[in-house]
>>> print(open('target-v1.cif').read())   # mmCIF, C-alpha atoms
data_run
loop_
_atom_site.label_atom_id
_atom_site.label_comp_id
_atom_site.auth_asym_id
_atom_site.auth_seq_id
_atom_site.Cartn_x
_atom_site.Cartn_y
_atom_site.Cartn_z
CA MET A 1 -30.28 -30.72 -42.28
CA LYS A 2 -26.90 -29.10 -42.68
CA LYS A 3 -24.34 -28.86 -39.97
CA GLY A 4 -24.24 -25.77 -37.75
CA GLY A 5 -22.80 -22.53 -38.99
CA GLY A 6 -19.26 -22.62 -37.66
CA LEU A 7 -19.58 -21.76 -33.97
CA ARG A 8 -18.26 -25.11 -32.77
CA ALA A 9 -15.57 -25.02 -30.05
CA GLU A 10 -14.81 -21.32 -30.39
CA GLY A 11 -18.47 -20.56 -29.85
CA LEU A 12 -18.18 -16.94 -30.86
CA ALA A 13 -18.07 -16.49 -34.62
CA VAL A 14 -20.46 -17.59 -37.34
CA ALA A 15 -19.00 -18.19 -40.77
CA ASN A 16 -20.77 -16.71 -43.75
CA ALA A 17 -22.93 -14.29 -41.77
CA PRO A 18 -26.36 -13.83 -43.36
CA ARG A 19 -27.66 -10.82 -45.24
CA PRO A 20 -28.23 -7.52 -43.35
CA LEU A 21 -31.27 -7.17 -41.13
CA SER A 22 -34.51 -5.91 -42.62
CA ASP A 23 -36.20 -2.77 -41.30
CA ALA A 24 -38.73 -4.93 -39.45
CA GLN A 25 -35.95 -6.96 -37.84
CA ARG A 26 -34.10 -3.82 -36.80
CA ALA A 27 -37.30 -2.66 -35.09
CA ARG A 28 -37.94 -6.02 -33.43
CA TYR A 29 -34.38 -6.38 -32.12
CA SER A 30 -33.69 -2.66 -31.56
CA ARG A 31 -32.85 -3.08 -27.87
CA HIS A 32 -30.21 -5.65 -28.74
CA LEU A 33 -28.71 -3.38 -31.36
CA LEU A 34 -28.16 -0.69 -28.74
CA LEU A 35 -25.97 -2.94 -26.59
CA PRO A 36 -22.21 -2.24 -26.69
CA GLY A 37 -20.44 -5.21 -28.19
CA PHE A 38 -23.65 -6.66 -29.63
CA ASN A 39 -25.06 -4.40 -32.37
CA GLU A 40 -26.12 -5.76 -35.77
CA ALA A 41 -23.21 -8.17 -36.06
CA GLY A 42 -24.30 -9.96 -32.89
CA GLN A 43 -27.89 -10.11 -34.06
CA ARG A 44 -26.82 -11.57 -37.39
CA ARG A 45 -24.82 -14.22 -35.53
CA LEU A 46 -27.96 -15.15 -33.63
CA ARG A 47 -29.93 -15.37 -36.85
CA ALA A 48 -27.31 -17.74 -38.32
CA ALA A 49 -27.31 -20.01 -35.27
CA ARG A 50 -29.02 -23.33 -34.65
CA VAL A 51 -29.79 -24.51 -31.12
CA LEU A 52 -31.12 -27.83 -29.81
CA ILE A 53 -33.34 -27.51 -26.74
CA VAL A 54 -33.72 -30.84 -24.91
CA GLY A 55 -36.86 -30.70 -22.78
CA LEU A 56 -39.74 -28.24 -23.07
CA GLY A 57 -40.85 -28.15 -19.45
CA GLY A 58 -40.07 -25.75 -16.62
CA LEU A 59 -36.55 -24.91 -17.81
CA GLY A 60 -37.17 -25.35 -21.51
CA SER A 61 -40.10 -22.95 -21.47
CA PRO A 62 -38.14 -19.75 -20.69
CA VAL A 63 -35.16 -20.99 -22.70
CA ALA A 64 -37.26 -21.52 -25.83
CA MET A 65 -39.24 -18.31 -25.39
CA TYR A 66 -36.21 -16.08 -24.86
CA LEU A 67 -34.18 -17.65 -27.65
CA ALA A 68 -37.10 -17.31 -30.05
CA ALA A 69 -37.80 -13.75 -28.95
CA ALA A 70 -34.10 -12.92 -29.28
CA GLY A 71 -34.05 -14.07 -32.91
CA VAL A 72 -32.02 -17.28 -32.87
CA GLY A 73 -32.40 -18.51 -36.44
CA GLU A 74 -33.41 -22.13 -35.85
CA LEU A 75 -34.57 -23.98 -32.76
CA LEU A 76 -34.76 -27.76 -32.62
CA LEU A 77 -37.46 -28.57 -30.05
CA ALA A 78 -37.04 -31.98 -28.42
CA ASP A 79 -39.49 -33.57 -25.99
CA PHE A 80 -41.32 -36.90 -25.70
CA ASP A 81 -44.09 -35.82 -23.31
CA ALA A 82 -47.60 -34.37 -23.48
CA VAL A 83 -48.87 -31.30 -21.61
CA ASP A 84 -50.39 -32.21 -18.25
CA LEU A 85 -52.46 -30.01 -15.97
CA SER A 86 -49.77 -30.31 -13.26
CA ASN A 87 -47.23 -28.76 -15.66
CA LEU A 88 -49.00 -25.41 -15.88
CA GLN A 89 -47.82 -24.18 -12.48
CA ARG A 90 -44.37 -23.56 -13.98
CA GLN A 91 -44.16 -24.55 -17.67
CA ILE A 92 -45.11 -21.22 -19.20
CA LEU A 93 -44.88 -22.36 -22.84
CA HIS A 94 -48.08 -24.35 -22.39
CA THR A 95 -51.71 -23.41 -21.73
CA THR A 96 -54.85 -24.95 -20.29
CA GLU A 97 -56.30 -25.29 -23.79
CA ARG A 98 -53.31 -27.41 -24.87
CA VAL A 99 -53.47 -29.98 -22.04
CA GLY A 100 -53.11 -33.36 -23.70
CA ALA A 101 -51.23 -32.01 -26.72
CA SER A 102 -47.59 -32.93 -27.26
CA LYS A 103 -45.23 -30.45 -25.68
CA VAL A 104 -43.47 -30.04 -29.01
CA ASP A 105 -46.72 -29.06 -30.76
CA SER A 106 -47.65 -26.75 -27.88
CA ALA A 107 -44.22 -25.11 -27.97
CA GLN A 108 -44.42 -24.59 -31.72
CA ALA A 109 -47.75 -22.81 -31.36
CA ALA A 110 -46.44 -20.51 -28.62
CA LEU A 111 -43.13 -19.71 -30.30
CA THR A 112 -44.63 -19.09 -33.73
CA ALA A 113 -46.98 -16.56 -32.17
CA LEU A 114 -44.05 -14.95 -30.36
CA ASN A 115 -41.69 -14.69 -33.35
CA PRO A 116 -42.72 -16.11 -36.75
CA ASP A 117 -39.25 -15.34 -38.18
CA VAL A 118 -37.65 -18.18 -36.21
CA SER A 119 -37.50 -21.63 -37.84
CA LEU A 120 -38.79 -24.39 -35.56
CA VAL A 121 -37.85 -28.04 -36.04
CA PRO A 122 -39.95 -30.58 -34.09
CA VAL A 123 -38.10 -33.51 -32.52
CA LYS A 124 -40.70 -35.77 -30.91
CA GLY A 125 -40.06 -38.86 -28.84
CA ALA A 126 -37.37 -39.99 -26.43
CA LEU A 127 -33.85 -39.55 -27.82
CA ASN A 128 -31.23 -42.27 -27.67
CA ALA A 129 -27.47 -41.72 -27.77
CA ASP A 130 -27.24 -42.13 -31.54
CA GLN A 131 -30.02 -39.63 -32.18
CA LEU A 132 -28.47 -37.11 -29.80
CA ALA A 133 -25.10 -37.49 -31.49
CA GLU A 134 -26.71 -36.87 -34.89
CA LEU A 135 -28.58 -33.80 -33.68
CA ALA A 136 -25.53 -32.36 -31.90
CA GLY A 137 -23.65 -32.58 -35.18
CA GLN A 138 -26.25 -30.34 -36.82
CA VAL A 139 -26.37 -27.47 -34.32
CA ASP A 140 -24.10 -24.84 -32.80
CA LEU A 141 -25.14 -25.22 -29.15
CA VAL A 142 -27.34 -27.40 -26.93
CA CYS A 143 -29.45 -26.25 -24.00
CA ASP A 144 -30.09 -29.20 -21.70
CA CYS A 145 -33.41 -28.58 -19.96
CA SER A 146 -34.10 -32.22 -19.07
CA ASP A 147 -34.92 -33.46 -15.58
CA ASN A 148 -32.88 -36.64 -15.17
CA PHE A 149 -29.21 -37.59 -15.01
CA ALA A 150 -29.38 -40.25 -17.72
CA THR A 151 -30.50 -37.71 -20.32
CA ARG A 152 -27.99 -35.13 -19.10
CA GLU A 153 -25.19 -37.67 -19.42
CA ALA A 154 -26.23 -38.61 -22.95
CA VAL A 155 -26.54 -34.95 -23.99
CA ASN A 156 -23.12 -34.18 -22.52
CA ALA A 157 -21.48 -37.08 -24.37
CA ALA A 158 -23.03 -35.91 -27.65
CA CYS A 159 -21.80 -32.35 -27.13
CA VAL A 160 -18.27 -33.47 -26.27
CA ALA A 161 -18.15 -35.69 -29.36
CA ALA A 162 -19.41 -32.84 -31.56
CA GLY A 163 -17.17 -30.24 -29.91
CA ILE A 164 -20.03 -27.80 -29.26
CA PRO A 165 -21.05 -25.79 -26.19
CA LEU A 166 -23.54 -27.18 -23.67
CA VAL A 167 -25.66 -24.99 -21.37
CA SER A 168 -26.99 -27.16 -18.54
CA GLY A 169 -29.61 -26.25 -15.95
CA ALA A 170 -31.47 -27.98 -13.12
CA ALA A 171 -33.97 -27.00 -10.43
CA VAL A 172 -35.83 -28.76 -7.62
CA ARG A 173 -37.67 -27.53 -4.52
CA THR A 174 -36.29 -24.00 -3.99
CA GLU A 175 -32.81 -24.66 -5.39
CA GLY A 176 -31.33 -24.33 -8.85
CA GLN A 177 -28.05 -24.57 -10.71
CA ILE A 178 -26.56 -23.69 -14.06
CA ALA A 179 -23.24 -24.58 -15.69
CA CYS A 180 -21.76 -24.15 -19.16
CA PHE A 181 -19.25 -26.36 -20.95
CA SER A 182 -17.34 -25.20 -24.01
CA GLY A 183 -16.82 -28.53 -25.75
CA ARG A 184 -13.14 -27.67 -26.24
CA PRO A 185 -10.53 -30.39 -25.67
CA GLY A 186 -8.91 -30.11 -22.25
CA GLU A 187 -11.81 -28.21 -20.67
CA PRO A 188 -14.32 -29.78 -18.26
CA CYS A 189 -17.58 -31.44 -19.26
CA TYR A 190 -20.72 -32.30 -17.30
CA ARG A 191 -19.32 -35.72 -16.37
CA CYS A 192 -16.34 -34.00 -14.72
CA LEU A 193 -18.85 -32.32 -12.42
CA TYR A 194 -20.85 -35.50 -11.70
CA PRO A 195 -18.55 -38.49 -12.26
CA ASP A 196 -20.78 -40.95 -10.40
CA PHE A 197 -24.29 -40.07 -11.49
CA SER A 198 -27.28 -42.16 -10.40
CA GLU A 199 -30.34 -43.15 -12.41
CA GLY A 200 -32.42 -41.97 -9.46
CA GLY A 201 -31.97 -38.54 -7.97
CA GLU A 202 -34.35 -35.79 -7.03
CA THR A 203 -37.09 -34.71 -9.43
CA CYS A 204 -39.84 -32.11 -9.33
CA ALA A 205 -42.45 -34.87 -9.50
CA ARG A 206 -41.16 -36.33 -6.21
CA GLU A 207 -39.80 -33.27 -4.42
CA GLY A 208 -41.80 -30.34 -5.80
CA VAL A 209 -40.44 -27.06 -7.10
CA LEU A 210 -41.19 -23.38 -6.54
CA ALA A 211 -42.46 -22.18 -9.91
CA PRO A 212 -40.28 -19.09 -10.46
CA VAL A 213 -37.07 -20.99 -9.65
CA VAL A 214 -37.21 -22.82 -12.98
CA GLY A 215 -37.84 -19.45 -14.61
CA ILE A 216 -34.72 -17.98 -13.00
CA ILE A 217 -32.50 -20.86 -14.08
CA GLY A 218 -34.04 -21.11 -17.54
CA SER A 219 -33.60 -17.38 -18.09
CA LEU A 220 -29.93 -17.71 -17.15
CA GLN A 221 -29.55 -20.60 -19.58
CA ALA A 222 -30.99 -18.43 -22.35
CA THR A 223 -28.69 -15.57 -21.36
CA GLU A 224 -25.61 -17.76 -21.53
CA ALA A 225 -26.68 -19.27 -24.86
CA ILE A 226 -27.14 -15.81 -26.37
CA LYS A 227 -23.76 -14.66 -25.03
CA ILE A 228 -22.00 -17.65 -26.54
CA LEU A 229 -23.76 -17.40 -29.89
CA ALA A 230 -23.40 -13.64 -30.26
CA GLY A 231 -19.87 -13.40 -28.85
CA LEU A 232 -20.96 -11.21 -25.94
CA GLY A 233 -19.16 -10.94 -22.62
CA GLU A 234 -17.59 -13.88 -20.79
CA PRO A 235 -19.51 -17.17 -20.88
CA LEU A 236 -19.92 -19.30 -17.79
CA PHE A 237 -17.62 -21.99 -19.16
CA GLY A 238 -16.22 -24.25 -16.47
CA ARG A 239 -18.23 -22.64 -13.68
CA LEU A 240 -21.23 -23.78 -11.65
CA LEU A 241 -23.72 -21.32 -10.17
CA LEU A 242 -25.89 -22.58 -7.29
CA LEU A 243 -29.05 -20.78 -6.15
CA ASP A 244 -30.81 -21.06 -2.79
CA ALA A 245 -34.03 -19.16 -3.46
CA LEU A 246 -35.15 -19.22 0.18
CA THR A 247 -32.26 -16.96 1.14
CA MET A 248 -31.70 -15.67 -2.43
CA GLU A 249 -28.01 -16.48 -2.14
CA TRP A 250 -25.76 -17.59 -4.96
CA ARG A 251 -22.56 -19.61 -4.86
CA SER A 252 -20.08 -19.85 -7.73
CA LEU A 253 -17.72 -22.79 -8.09
CA ARG A 254 -14.99 -23.56 -10.60
CA ILE A 255 -15.25 -26.95 -12.31
CA PRO A 256 -11.83 -28.52 -12.92
CA ALA A 257 -11.29 -30.82 -15.89
CA ASP A 258 -10.92 -34.43 -14.74
CA PRO A 259 -8.11 -36.15 -16.66
CA ASP A 260 -9.75 -39.49 -15.79
CA CYS A 261 -13.24 -38.41 -16.92
CA ALA A 262 -15.02 -41.24 -18.74
CA VAL A 263 -16.23 -38.79 -21.42
CA CYS A 264 -13.54 -36.14 -21.96
CA GLY A 265 -10.56 -37.35 -19.92
CA THR A 266 -7.04 -37.25 -21.35
CA ARG A 267 -5.92 -40.40 -19.47
CA GLN A 268 -8.54 -42.75 -20.88
#
>>> encode(input="target-v1.cif", output="structure tokens")
Amino acid sequence: MKKGGGLRAEGLAVANAPRPLSDAQRARYSRHLLLPGFNEAGQRRLRAARVLIVGLGGLGSPVAMYLAAAGVGELLLADFDAVDLSNLQRQILHTTERVGASKVDSAQAALTALNPDVSLVPVKGALNADQLAELAGQVDLVCDCSDNFATREAVNAACVAAGIPLVSGAAVRTEGQIACFSGRPGEPCYRCLYPDFSEGGETCAREGVLAPVVGIIGSLQATEAIKILAGLGEPLFGRLLLLDALTMEWRSLRIPADPDCAVCGTRQ
């Protein structure tokens, strides 16, 4: 696979934009084309883009569905797991009929039905640091929809090394969070936010999760990814949004770059 199409650290412009949209594509994406600052140029940027989605569960489901529906040109779908009955309360990519199937295969079936124009690349199995680094070098942006700190740390390191944006989400119980990192030198990364991560931590399997909360956070991840890829608005770079769904209150925090960060620090 070739490297991504030139978004990289700037995150807003695709080199060698593809041919104009067809009549069918203009009809499919007509509501995008009406948006000020988006129009056909933004849609063509989406079509030229390649995105790696790590995890096809509660967060990855809305991320994958919205990015496919929005017309992102190529989605790399990464997951090691199979569909379980307990997933169906919140993982809307998957269906009862596909219990037991790999989540990658299930996702491909759902996304192909949703938008056959989007290219889907299956990435099955657990990813190690070397594999993540290779994949990050082939895409324009990564959406981290995993559920553990070890994977998030490895994804972050790969994105920093490749100089590409990372859109990170998490949800447990009735709480959720989203943050974006540009991949630019001198700007914060995920490790700046969590310098002392633990292999443990809270998970849905141990703590539970209110089903729509993962949908809220995943939808925001997709929104931020589309903004970055299409050059729309102001991305959430260097900011953390925290949701308490019981009170439906949001908090927004700035994430400072840590000069001593083990991944991106300038004083290493």
>>> closest_atom_pairs(input="target-v1.cif", of="segment 210-240 of chain A", to="segment 27-42 of chain A", cutoff="10 Å", atoms="all atoms listed in the file", output="tab-separated table")
residue	atom	partner	partner_atom	distance
A:Ile226	CA	A:Gly42	CA	9.2
A:Lys227	CA	A:Gly42	CA	9.2
A:Leu229	CA	A:Gly42	CA	8.0
A:Ala230	CA	A:Gly42	CA	4.6
A:Gly231	CA	A:Gly42	CA	6.9
A:Leu232	CA	A:Gly37	CA	6.4
A:Gly233	CA	A:Gly37	CA	8.1
>>> closest_residue(input="target-v1.cif", among="A:Cys264, A:Ser252, A:Ser146, A:Val121", to="Phe181 of chain A", atoms="only C-alpha atoms")
A:Cys264
>>> closest_residue(input="target-v1.cif", among="A:Gly265, A:Pro188, A:Pro165, A:Gly215", to="Leu52 of chain A", atoms="only C-alpha atoms")
A:Pro165
>>> atom_distance(input="target-v1.cif", atom1="atom CA of Leu76 of chain A", atom2="atom CA of Arg184 of chain A")
22.5 Å
>>> resolve_selection(input="target-v1.cif", expression="the PyMOL selection byres ((chain A and resi 171) around 10)", output="PyMOL selection string")
chain A and resi 58-59+145+147+169-170+172-178+202-204+208-211+213-218+242-243
>>> resolve_selection(input="target-v1.cif", expression="the PyMOL selection byres ((chain A and resi 73) around 7)", output="list in words")
Leu46, Arg47, Ala48, Ala49, Arg50, Gly71, Val72, Glu74, Leu75, Val118 and Ser119 of chain A
>>> closest_residue(input="target-v1.cif", among="A:Thr247, A:Ser22, A:Ser219, A:Ser102", to="Gly60 of chain A", atoms="only C-alpha atoms")
A:Ser219
>>> residues_around(input="target-v1.cif", residues="segment 78-85 of chain A", least_positions_apart="4", cutoff="7 Å", atoms="only C-alpha atoms", output="PyMOL selection string")
chain A and resi 53-56+98-104+122-126
>>> resolve_selection(input="target-v1.cif", expression="the PyMOL selection byres ((chain A and resi 237) around 8)", output="list in words")
Ala179, Cys180, Phe181, Ser182, Pro235, Leu236, Gly238 and Arg239 of chain A
>>> atom_distance(input="target-v1.cif", atom1="atom CA of Ala133 of chain A", atom2="atom CA of Thr223 of chain A")
24.4 Å
>>> closest_residue(input="target-v1.cif", among="A:Leu193, A:Cys143, A:Ala64, A:Val167", to="Thr112 of chain A", atoms="all atoms listed in the file")
A:Ala64
>>> axis_aligned_box(input="target-v1.cif", around="segment 90-98 of chain A", padding_each_side="8 Å", output="JSON")
{"center_x": -50.2, "center_y": -24.3, "center_z": -19.4, "size_x": 28.1, "size_y": 22.2, "size_z": 26.9}
>>> atom_distance(input="target-v1.cif", atom1="atom CA of Glu234 of chain A", atom2="atom CA of Leu220 of chain A")
13.4 Å
>>> closest_residue(input="target-v1.cif", among="A:Leu114, A:Met248, A:Leu77, A:Ala262", to="Glu153 of chain A", atoms="all atoms listed in the file")
A:Ala262
>>> decode(input="target-v1.cif", residues="segment 73-93 of chain A", atoms="N, CA and C atoms", output="PDB file, in the first residue's frame")
ATOM      1  N   GLY A  73     -12.177   7.798   1.527  1.00  0.00           N
ATOM      2  CA  GLY A  73     -11.825   6.909   0.426  1.00  0.00           C
ATOM      3  C   GLY A  73     -11.430   5.506   0.828  1.00  0.00           C
ATOM      4  N   GLU A  74     -10.628   5.375   1.890  1.00  0.00           N
ATOM      5  CA  GLU A  74     -10.169   4.051   2.296  1.00  0.00           C
ATOM      6  C   GLU A  74     -10.117   3.964   3.804  1.00  0.00           C
ATOM      7  N   LEU A  75     -10.693   2.897   4.339  1.00  0.00           N
ATOM      8  CA  LEU A  75     -10.691   2.632   5.774  1.00  0.00           C
ATOM      9  C   LEU A  75      -9.949   1.338   6.043  1.00  0.00           C
ATOM     10  N   LEU A  76      -8.928   1.414   6.890  1.00  0.00           N
ATOM     11  CA  LEU A  76      -8.242   0.218   7.358  1.00  0.00           C
ATOM     12  C   LEU A  76      -8.898  -0.196   8.669  1.00  0.00           C
ATOM     13  N   LEU A  77      -9.460  -1.386   8.709  1.00  0.00           N
ATOM     14  CA  LEU A  77     -10.288  -1.848   9.825  1.00  0.00           C
ATOM     15  C   LEU A  77      -9.503  -2.849  10.650  1.00  0.00           C
ATOM     16  N   ALA A  78      -9.097  -2.450  11.857  1.00  0.00           N
ATOM     17  CA  ALA A  78      -8.227  -3.279  12.684  1.00  0.00           C
ATOM     18  C   ALA A  78      -8.950  -3.755  13.937  1.00  0.00           C
ATOM     19  N   ASP A  79      -8.980  -5.071  14.125  1.00  0.00           N
ATOM     20  CA  ASP A  79      -9.524  -5.665  15.352  1.00  0.00           C
ATOM     21  C   ASP A  79      -9.088  -7.126  15.397  1.00  0.00           C
ATOM     22  N   PHE A  80      -8.899  -7.652  16.613  1.00  0.00           N
ATOM     23  CA  PHE A  80      -8.477  -9.045  16.781  1.00  0.00           C
ATOM     24  C   PHE A  80      -9.613  -9.944  17.248  1.00  0.00           C
ATOM     25  N   ASP A  81     -10.770  -9.356  17.580  1.00  0.00           N
ATOM     26  CA  ASP A  81     -11.807 -10.058  18.329  1.00  0.00           C
ATOM     27  C   ASP A  81     -12.918 -10.579  17.421  1.00  0.00           C
ATOM     28  N   ALA A  82     -13.775 -11.422  18.013  1.00  0.00           N
ATOM     29  CA  ALA A  82     -14.972 -11.912  17.338  1.00  0.00           C
ATOM     30  C   ALA A  82     -16.202 -11.284  17.987  1.00  0.00           C
ATOM     31  N   VAL A  83     -17.300 -11.234  17.249  1.00  0.00           N
ATOM     32  CA  VAL A  83     -18.545 -10.669  17.755  1.00  0.00           C
ATOM     33  C   VAL A  83     -19.130 -11.598  18.820  1.00  0.00           C
ATOM     34  N   ASP A  84     -19.451 -11.007  19.961  1.00  0.00           N
ATOM     35  CA  ASP A  84     -20.051 -11.745  21.076  1.00  0.00           C
ATOM     36  C   ASP A  84     -21.441 -11.171  21.350  1.00  0.00           C
ATOM     37  N   LEU A  85     -22.311 -12.007  21.876  1.00  0.00           N
ATOM     38  CA  LEU A  85     -23.676 -11.554  22.150  1.00  0.00           C
ATOM     39  C   LEU A  85     -23.687 -10.336  23.065  1.00  0.00           C
ATOM     40  N   SER A  86     -22.750 -10.271  24.016  1.00  0.00           N
ATOM     41  CA  SER A  86     -22.712  -9.147  24.954  1.00  0.00           C
ATOM     42  C   SER A  86     -22.305  -7.842  24.279  1.00  0.00           C
ATOM     43  N   ASN A  87     -21.728  -7.916  23.076  1.00  0.00           N
ATOM     44  CA  ASN A  87     -21.340  -6.706  22.346  1.00  0.00           C
ATOM     45  C   ASN A  87     -22.542  -5.949  21.790  1.00  0.00           C
ATOM     46  N   LEU A  88     -23.628  -6.644  21.530  1.00  0.00           N
ATOM     47  CA  LEU A  88     -24.700  -6.087  20.700  1.00  0.00           C
ATOM     48  C   LEU A  88     -25.500  -4.994  21.394  1.00  0.00           C
ATOM     49  N   GLN A  89     -25.333  -4.850  22.699  1.00  0.00           N
ATOM     50  CA  GLN A  89     -25.992  -3.768  23.431  1.00  0.00           C
ATOM     51  C   GLN A  89     -25.513  -2.400  22.977  1.00  0.00           C
ATOM     52  N   ARG A  90     -24.294  -2.328  22.391  1.00  0.00           N
ATOM     53  CA  ARG A  90     -23.720  -1.025  22.075  1.00  0.00           C
ATOM     54  C   ARG A  90     -22.914  -0.994  20.774  1.00  0.00           C
ATOM     55  N   GLN A  91     -22.492  -2.145  20.257  1.00  0.00           N
ATOM     56  CA  GLN A  91     -21.615  -2.185  19.090  1.00  0.00           C
ATOM     57  C   GLN A  91     -22.466  -2.336  17.827  1.00  0.00           C
ATOM     58  N   ILE A  92     -22.919  -1.202  17.313  1.00  0.00           N
ATOM     59  CA  ILE A  92     -23.985  -1.192  16.313  1.00  0.00           C
ATOM     60  C   ILE A  92     -23.539  -1.607  14.916  1.00  0.00           C
ATOM     61  N   LEU A  93     -22.251  -1.841  14.706  1.00  0.00           N
ATOM     62  CA  LEU A  93     -21.788  -2.413  13.443  1.00  0.00           C
ATOM     63  C   LEU A  93     -22.239  -3.857  13.284  1.00  0.00           C
TER      64      LEU A  93
END
